[in-house]
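In what follows, a structure is listed as C-alpha cells, so that the remarks can point back to it.
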Amino acid sequence: MIDNQRNDSDIVRFLRNRRTVPMNTMMIFINLVAFLLTELTGSSLDGGHLVSWGAVYTPFMEAGKDYYRLFTCMFLHFGLSHLGNNMLVLLFMGDALERAAGKIRYLLIYLLGGLGASCISCYLDIKKGVPVISAGASGAVFAVIGALIYIVLRKRGKLENFTARQLIFLAFLSLYHGYTSAGVDNAAHVGGLVCGFFLGILLYWGRGKGSRYPKRSGNGQNQTKSCSFSGH
C-alpha cells in the first residue's frame, strides 16, 4: 500500500513538473502525434510513406523544391524504437535545457538546431549523388545536448544532475555508435551538436552564472537514413 502511494506520488510529481517545461513537452507531444498519424495511415517503416508525410528525399531537394521537408523531417521516425530512443533522451535533456535557458531560448535551440542539422545532412547527401530518405529528431536532440554542454561549462561544469564530462562522453559515445552502424545520419548528429553549441553561445551569452533558473537501411535504389540518438 505504501509502495503504491509512493509510486502514485512520483507520477503526480512528474506530471506536475511538466508544467515547468511546456515547450519540451509540446515537442515530445508533436513527435508522438506525428508517429501515430504515420502508423494509422500506413507504416512508419516505409520510406516512401514517410516521404509522403514530409521526410527529406534528396532528389526533391536537388530539384529545388520541397524545402519544407528540412523542417518536417524532424518530427518523423522510422519505427517505434527510433521514436522511443530519441524521445527518452529529449525528455531528460530537453527538460534540463528549458529550465536553464527558458522557454523561448529552448524552442529556438531545438528548432533552429534541428533545421541546421537537416540542412547540413541534406547538402552532404546531395553531394554524394545517392538518393536518400532521411527523417528523425536526433539532429534537434543533439542540438539540445550541444547547448547543454555550453551552459554546463558556463556553470562551472554542473547543471542539475548533469556534468560537462557526462554530456561530452554521452555525445561522443552516441557519435561513435552512429559511425560504426549502418543507416545512421551522422552528418545530422554532428551538425546538430555544433549548431546547438553555437546557438547556446548566442542565446545564453550574458546570462549570469547565478541565473534564476535551477542549477540508414537500404531498400531498392534509395537509401533511408534515420536520425536517432542511439544510432537506429
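Numbering starts fresh at 1 for the residues of each chain in the C-alpha cells, the chains themselves are lettered A, B, ... in the order given, and ligands are numbered from 1 as they appear.
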
Name all residues at most 8 Å from region 72-82 of chain A (count only C-alpha atoms; drop same-chain ones fewer than 6 positions away) and give them as a PDB file with all heavy atoms, in the first residue's frame.
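Ended up saving to out.pdb:
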ATOM      1  N   ILE A  30       4.253  16.529 -30.145  1.00  0.00           N
ATOM      2  CA  ILE A  30       4.161  16.624 -31.605  1.00  0.00           C
ATOM      3  C   ILE A  30       4.815  15.424 -32.271  1.00  0.00           C
ATOM      4  O   ILE A  30       4.282  14.856 -33.235  1.00  0.00           O
ATOM      5  CB  ILE A  30       4.792  17.941 -32.105  1.00  0.00           C
ATOM      6  CG1 ILE A  30       3.953  19.137 -31.651  1.00  0.00           C
ATOM      7  CG2 ILE A  30       4.928  17.954 -33.625  1.00  0.00           C
ATOM      8  CD1 ILE A  30       4.581  20.480 -31.966  1.00  0.00           C
ATOM      9  N   ASN A  31       5.971  15.013 -31.767  1.00  0.00           N
ATOM     10  CA  ASN A  31       6.636  13.830 -32.313  1.00  0.00           C
ATOM     11  C   ASN A  31       5.778  12.581 -32.149  1.00  0.00           C
ATOM     12  O   ASN A  31       5.694  11.739 -33.062  1.00  0.00           O
ATOM     13  CB  ASN A  31       7.996  13.626 -31.631  1.00  0.00           C
ATOM     14  CG  ASN A  31       9.098  14.457 -32.241  1.00  0.00           C
ATOM     15  OD1 ASN A  31       9.671  14.092 -33.272  1.00  0.00           O
ATOM     16  ND2 ASN A  31       9.400  15.588 -31.622  1.00  0.00           N
ATOM     17  N   ALA A  34       2.772  12.789 -34.590  1.00  0.00           N
ATOM     18  CA  ALA A  34       3.219  12.544 -35.962  1.00  0.00           C
ATOM     19  C   ALA A  34       3.459  11.056 -36.189  1.00  0.00           C
ATOM     20  O   ALA A  34       3.111  10.512 -37.247  1.00  0.00           O
ATOM     21  CB  ALA A  34       4.491  13.335 -36.247  1.00  0.00           C
ATOM     22  N   PHE A  35       4.037  10.384 -35.192  1.00  0.00           N
ATOM     23  CA  PHE A  35       4.278   8.948 -35.325  1.00  0.00           C
ATOM     24  C   PHE A  35       2.965   8.174 -35.411  1.00  0.00           C
ATOM     25  O   PHE A  35       2.805   7.277 -36.255  1.00  0.00           O
ATOM     26  CB  PHE A  35       5.104   8.442 -34.139  1.00  0.00           C
ATOM     27  CG  PHE A  35       5.352   6.963 -34.176  1.00  0.00           C
ATOM     28  CD1 PHE A  35       6.327   6.440 -35.021  1.00  0.00           C
ATOM     29  CD2 PHE A  35       4.610   6.091 -33.389  1.00  0.00           C
ATOM     30  CE1 PHE A  35       6.553   5.065 -35.071  1.00  0.00           C
ATOM     31  CE2 PHE A  35       4.839   4.725 -33.439  1.00  0.00           C
ATOM     32  CZ  PHE A  35       5.808   4.214 -34.284  1.00  0.00           C
ATOM     33  N   SER A  44       5.336   3.388 -40.515  1.00  0.00           N
ATOM     34  CA  SER A  44       6.446   4.317 -40.304  1.00  0.00           C
ATOM     35  C   SER A  44       7.763   3.718 -40.764  1.00  0.00           C
ATOM     36  O   SER A  44       8.773   4.427 -40.846  1.00  0.00           O
ATOM     37  CB  SER A  44       6.541   4.702 -38.823  1.00  0.00           C
ATOM     38  OG  SER A  44       6.787   3.557 -38.022  1.00  0.00           O
ATOM     39  N   LEU A  45       7.777   2.412 -41.056  1.00  0.00           N
ATOM     40  CA  LEU A  45       8.993   1.763 -41.558  1.00  0.00           C
ATOM     41  C   LEU A  45       9.086   1.841 -43.083  1.00  0.00           C
ATOM     42  O   LEU A  45      10.095   1.415 -43.652  1.00  0.00           O
ATOM     43  CB  LEU A  45       9.020   0.301 -41.110  1.00  0.00           C
ATOM     44  CG  LEU A  45       9.149   0.078 -39.597  1.00  0.00           C
ATOM     45  CD1 LEU A  45       8.991  -1.407 -39.269  1.00  0.00           C
ATOM     46  CD2 LEU A  45      10.478   0.605 -39.085  1.00  0.00           C
ATOM     47  N   ASP A  46       8.049   2.359 -43.709  1.00  0.00           N
ATOM     48  CA  ASP A  46       8.008   2.505 -45.163  1.00  0.00           C
ATOM     49  C   ASP A  46       8.562   3.876 -45.546  1.00  0.00           C
ATOM     50  O   ASP A  46       7.930   4.903 -45.279  1.00  0.00           O
ATOM     51  CB  ASP A  46       6.571   2.353 -45.648  1.00  0.00           C
ATOM     52  CG  ASP A  46       6.434   2.439 -47.169  1.00  0.00           C
ATOM     53  OD1 ASP A  46       7.428   2.797 -47.850  1.00  0.00           O
ATOM     54  OD2 ASP A  46       5.329   2.168 -47.665  1.00  0.00           O
ATOM     55  N   GLY A  47       9.760   3.885 -46.177  1.00  0.00           N
ATOM     56  CA  GLY A  47      10.379   5.156 -46.530  1.00  0.00           C
ATOM     57  C   GLY A  47       9.521   5.998 -47.447  1.00  0.00           C
ATOM     58  O   GLY A  47       9.415   7.219 -47.277  1.00  0.00           O
ATOM     59  N   LEU A  50       6.851   7.748 -45.458  1.00  0.00           N
ATOM     60  CA  LEU A  50       7.359   8.888 -44.706  1.00  0.00           C
ATOM     61  C   LEU A  50       7.641  10.080 -45.623  1.00  0.00           C
ATOM     62  O   LEU A  50       7.474  11.231 -45.219  1.00  0.00           O
ATOM     63  CB  LEU A  50       8.625   8.505 -43.935  1.00  0.00           C
ATOM     64  CG  LEU A  50       8.443   7.641 -42.689  1.00  0.00           C
ATOM     65  CD1 LEU A  50       9.726   7.608 -41.865  1.00  0.00           C
ATOM     66  CD2 LEU A  50       7.285   8.119 -41.836  1.00  0.00           C
ATOM     67  N   GLY A  54       6.476  14.029 -45.347  1.00  0.00           N
ATOM     68  CA  GLY A  54       7.384  15.156 -45.188  1.00  0.00           C
ATOM     69  C   GLY A  54       8.816  14.823 -44.882  1.00  0.00           C
ATOM     70  O   GLY A  54       9.600  15.721 -44.528  1.00  0.00           O
ATOM     71  N   ALA A  55       9.223  13.553 -45.015  1.00  0.00           N
ATOM     72  CA  ALA A  55      10.626  13.211 -44.828  1.00  0.00           C
ATOM     73  C   ALA A  55      11.461  13.795 -45.969  1.00  0.00           C
ATOM     74  O   ALA A  55      10.949  14.041 -47.067  1.00  0.00           O
ATOM     75  CB  ALA A  55      10.804  11.695 -44.782  1.00  0.00           C
ATOM     76  N   VAL A  56      12.727  14.030 -45.704  1.00  0.00           N
ATOM     77  CA  VAL A  56      13.627  14.539 -46.741  1.00  0.00           C
ATOM     78  C   VAL A  56      13.878  13.457 -47.778  1.00  0.00           C
ATOM     79  O   VAL A  56      14.169  12.309 -47.428  1.00  0.00           O
ATOM     80  CB  VAL A  56      14.970  15.011 -46.128  1.00  0.00           C
ATOM     81  CG1 VAL A  56      16.022  15.191 -47.222  1.00  0.00           C
ATOM     82  CG2 VAL A  56      14.781  16.311 -45.376  1.00  0.00           C
ATOM     83  N   GLY A 114      17.834  21.826 -35.023  1.00  0.00           N
ATOM     84  CA  GLY A 114      17.364  20.712 -35.833  1.00  0.00           C
ATOM     85  C   GLY A 114      17.328  21.064 -37.308  1.00  0.00           C
ATOM     86  O   GLY A 114      17.676  20.239 -38.166  1.00  0.00           O
ATOM     87  N   LEU A 115      16.905  22.291 -37.618  1.00  0.00           N
ATOM     88  CA  LEU A 115      16.871  22.729 -39.012  1.00  0.00           C
ATOM     89  C   LEU A 115      18.279  22.817 -39.591  1.00  0.00           C
ATOM     90  O   LEU A 115      18.521  22.417 -40.736  1.00  0.00           O
ATOM     91  CB  LEU A 115      16.176  24.091 -39.098  1.00  0.00           C
ATOM     92  CG  LEU A 115      15.909  24.649 -40.503  1.00  0.00           C
ATOM     93  CD1 LEU A 115      15.022  23.704 -41.304  1.00  0.00           C
ATOM     94  CD2 LEU A 115      15.261  26.033 -40.412  1.00  0.00           C
ATOM     95  N   SER A 118      19.448  19.355 -40.397  1.00  0.00           N
ATOM     96  CA  SER A 118      18.814  18.855 -41.624  1.00  0.00           C
ATOM     97  C   SER A 118      19.486  19.434 -42.862  1.00  0.00           C
ATOM     98  O   SER A 118      19.720  18.718 -43.847  1.00  0.00           O
ATOM     99  CB  SER A 118      17.322  19.214 -41.632  1.00  0.00           C
ATOM    100  OG  SER A 118      16.637  18.560 -40.592  1.00  0.00           O
ATOM    101  N   SER A 134      15.524  10.667 -45.471  1.00  0.00           N
ATOM    102  CA  SER A 134      16.049  10.948 -44.134  1.00  0.00           C
ATOM    103  C   SER A 134      14.961  11.527 -43.238  1.00  0.00           C
ATOM    104  O   SER A 134      14.190  12.386 -43.657  1.00  0.00           O
ATOM    105  CB  SER A 134      17.220  11.929 -44.234  1.00  0.00           C
ATOM    106  OG  SER A 134      17.795  12.154 -42.958  1.00  0.00           O
ATOM    107  N   ALA A 135      14.921  11.037 -41.996  1.00  0.00           N
ATOM    108  CA  ALA A 135      13.948  11.539 -41.021  1.00  0.00           C
ATOM    109  C   ALA A 135      14.443  11.248 -39.621  1.00  0.00           C
ATOM    110  O   ALA A 135      15.262  10.350 -39.408  1.00  0.00           O
ATOM    111  CB  ALA A 135      12.577  10.889 -41.243  1.00  0.00           C
ATOM    112  N   GLY A 136      13.957  11.981 -38.655  1.00  0.00           N
ATOM    113  CA  GLY A 136      14.312  11.744 -37.263  1.00  0.00           C
ATOM    114  C   GLY A 136      14.571  13.029 -36.509  1.00  0.00           C
ATOM    115  O   GLY A 136      14.933  14.046 -37.102  1.00  0.00           O
ATOM    116  N   ALA A 137      14.396  12.961 -35.201  1.00  0.00           N
ATOM    117  CA  ALA A 137      14.536  14.143 -34.345  1.00  0.00           C
ATOM    118  C   ALA A 137      15.917  14.296 -33.749  1.00  0.00           C
ATOM    119  O   ALA A 137      16.173  15.269 -33.036  1.00  0.00           O
ATOM    120  CB  ALA A 137      13.511  14.078 -33.207  1.00  0.00           C
ATOM    121  N   SER A 138      16.842  13.367 -34.024  1.00  0.00           N
ATOM    122  CA  SER A 138      18.093  13.407 -33.262  1.00  0.00           C
ATOM    123  C   SER A 138      18.985  14.587 -33.621  1.00  0.00           C
ATOM    124  O   SER A 138      19.840  14.964 -32.829  1.00  0.00           O
ATOM    125  CB  SER A 138      18.872  12.092 -33.421  1.00  0.00           C
ATOM    126  OG  SER A 138      19.284  11.921 -34.747  1.00  0.00           O
ATOM    127  N   GLY A 139      18.816  15.184 -34.825  1.00  0.00           N
ATOM    128  CA  GLY A 139      19.551  16.414 -35.105  1.00  0.00           C
ATOM    129  C   GLY A 139      19.192  17.482 -34.089  1.00  0.00           C
ATOM    130  O   GLY A 139      20.061  18.171 -33.538  1.00  0.00           O
ATOM    131  N   ALA A 140      17.885  17.603 -33.806  1.00  0.00           N
ATOM    132  CA  ALA A 140      17.419  18.561 -32.799  1.00  0.00           C
ATOM    133  C   ALA A 140      17.842  18.139 -31.401  1.00  0.00           C
ATOM    134  O   ALA A 140      18.202  18.974 -30.561  1.00  0.00           O
ATOM    135  CB  ALA A 140      15.900  18.701 -32.873  1.00  0.00           C
ATOM    136  N   SER A 226      18.112   7.281 -40.752  1.00  0.00           N
ATOM    137  CA  SER A 226      17.342   7.707 -39.605  1.00  0.00           C
ATOM    138  C   SER A 226      18.193   8.580 -38.706  1.00  0.00           C
ATOM    139  O   SER A 226      19.359   8.291 -38.482  1.00  0.00           O
ATOM    140  CB  SER A 226      16.829   6.487 -38.821  1.00  0.00           C
ATOM    141  OG  SER A 226      17.901   5.740 -38.318  1.00  0.00           O
ATOM    142  N   CYS A 227      17.568   9.629 -38.219  1.00  0.00           N
ATOM    143  CA  CYS A 227      18.219  10.477 -37.219  1.00  0.00           C
ATOM    144  C   CYS A 227      17.783   9.958 -35.849  1.00  0.00           C
ATOM    145  O   CYS A 227      16.708  10.291 -35.381  1.00  0.00           O
ATOM    146  CB  CYS A 227      17.799  11.932 -37.382  1.00  0.00           C
ATOM    147  SG  CYS A 227      18.350  12.699 -38.889  1.00  0.00           S
ATOM    148  N   SER A 228      18.607   9.147 -35.241  1.00  0.00           N
ATOM    149  CA  SER A 228      18.267   8.576 -33.948  1.00  0.00           C
ATOM    150  C   SER A 228      19.431   8.740 -33.003  1.00  0.00           C
ATOM    151  O   SER A 228      20.579   8.499 -33.369  1.00  0.00           O
ATOM    152  CB  SER A 228      17.935   7.092 -34.092  1.00  0.00           C
ATOM    153  OG  SER A 228      17.830   6.482 -32.827  1.00  0.00           O
ATOM    154  N   HIS A 232      19.831   4.161 -34.286  1.00  0.00           N
ATOM    155  CA  HIS A 232      18.900   3.372 -35.078  1.00  0.00           C
ATOM    156  C   HIS A 232      18.422   4.183 -36.282  1.00  0.00           C
ATOM    157  O   HIS A 232      18.320   5.385 -36.210  1.00  0.00           O
ATOM    158  CB  HIS A 232      17.681   2.969 -34.229  1.00  0.00           C
ATOM    159  CG  HIS A 232      18.037   1.935 -33.201  1.00  0.00           C
ATOM    160  ND1 HIS A 232      18.006   0.580 -33.455  1.00  0.00           N
ATOM    161  CD2 HIS A 232      18.468   2.054 -31.931  1.00  0.00           C
ATOM    162  CE1 HIS A 232      18.353  -0.088 -32.382  1.00  0.00           C
ATOM    163  NE2 HIS A 232      18.635   0.783 -31.440  1.00  0.00           N
TER     164      HIS A 232
END

(message) Neighbouring residues of Gln166 (chain A) were defined as those with any atom within 12 Å, considering only C-alpha atoms; residues of the same chain fewer than 5 positions away were excluded. Please report them as a PyMOL selection string.
(response) chain A and resi 93+145+148-149+152-153+157-159+161+171-173

Shell of 12 Å around Val33 (chain A), only C-alpha atoms, local chain residues under 4 positions omitted, as a PDB file with N, CA and C atoms, in the first residue's frame:
ATOM      1  N   MET A  26       5.662  19.966 -25.390  1.00  0.00           N
ATOM      2  CA  MET A  26       4.986  20.146 -26.673  1.00  0.00           C
ATOM      3  C   MET A  26       5.754  19.486 -27.807  1.00  0.00           C
ATOM      4  N   MET A  27       7.100  19.601 -27.815  1.00  0.00           N
ATOM      5  CA  MET A  27       7.899  18.972 -28.867  1.00  0.00           C
ATOM      6  C   MET A  27       7.757  17.443 -28.819  1.00  0.00           C
ATOM      7  N   ILE A  28       7.786  16.887 -27.621  1.00  0.00           N
ATOM      8  CA  ILE A  28       7.611  15.437 -27.480  1.00  0.00           C
ATOM      9  C   ILE A  28       6.220  15.024 -27.956  1.00  0.00           C
ATOM     10  N   PHE A  29       5.219  15.805 -27.581  1.00  0.00           N
ATOM     11  CA  PHE A  29       3.840  15.506 -27.971  1.00  0.00           C
ATOM     12  C   PHE A  29       3.679  15.534 -29.487  1.00  0.00           C
ATOM     13  N   LEU A  37       0.093   9.228 -36.471  1.00  0.00           N
ATOM     14  CA  LEU A  37      -0.555   9.502 -37.755  1.00  0.00           C
ATOM     15  C   LEU A  37       0.086   8.697 -38.884  1.00  0.00           C
ATOM     16  N   THR A  38       1.422   8.601 -38.869  1.00  0.00           N
ATOM     17  CA  THR A  38       2.080   7.821 -39.924  1.00  0.00           C
ATOM     18  C   THR A  38       1.762   6.334 -39.784  1.00  0.00           C
ATOM     19  N   GLU A  39       1.591   5.863 -38.561  1.00  0.00           N
ATOM     20  CA  GLU A  39       1.248   4.459 -38.351  1.00  0.00           C
ATOM     21  C   GLU A  39      -0.209   4.180 -38.735  1.00  0.00           C
ATOM     22  N   LEU A  40      -1.094   5.109 -38.431  1.00  0.00           N
ATOM     23  CA  LEU A  40      -2.508   4.915 -38.730  1.00  0.00           C
ATOM     24  C   LEU A  40      -2.800   4.976 -40.225  1.00  0.00           C
ATOM     25  N   PHE A  75      10.214  15.629 -37.242  1.00  0.00           N
ATOM     26  CA  PHE A  75       9.139  15.093 -36.412  1.00  0.00           C
ATOM     27  C   PHE A  75       8.675  13.711 -36.875  1.00  0.00           C
ATOM     28  N   LEU A  76       9.419  13.103 -37.791  1.00  0.00           N
ATOM     29  CA  LEU A  76       9.060  11.786 -38.324  1.00  0.00           C
ATOM     30  C   LEU A  76      10.110  10.754 -37.925  1.00  0.00           C
ATOM     31  N   HIS A  77       9.674   9.510 -37.732  1.00  0.00           N
ATOM     32  CA  HIS A  77      10.594   8.468 -37.272  1.00  0.00           C
ATOM     33  C   HIS A  77      10.338   7.146 -37.964  1.00  0.00           C
ATOM     34  N   LEU A  83      11.679   6.244 -32.556  1.00  0.00           N
ATOM     35  CA  LEU A  83      10.969   7.294 -31.818  1.00  0.00           C
ATOM     36  C   LEU A  83      11.304   7.247 -30.330  1.00  0.00           C
TER      37      LEU A  83
END
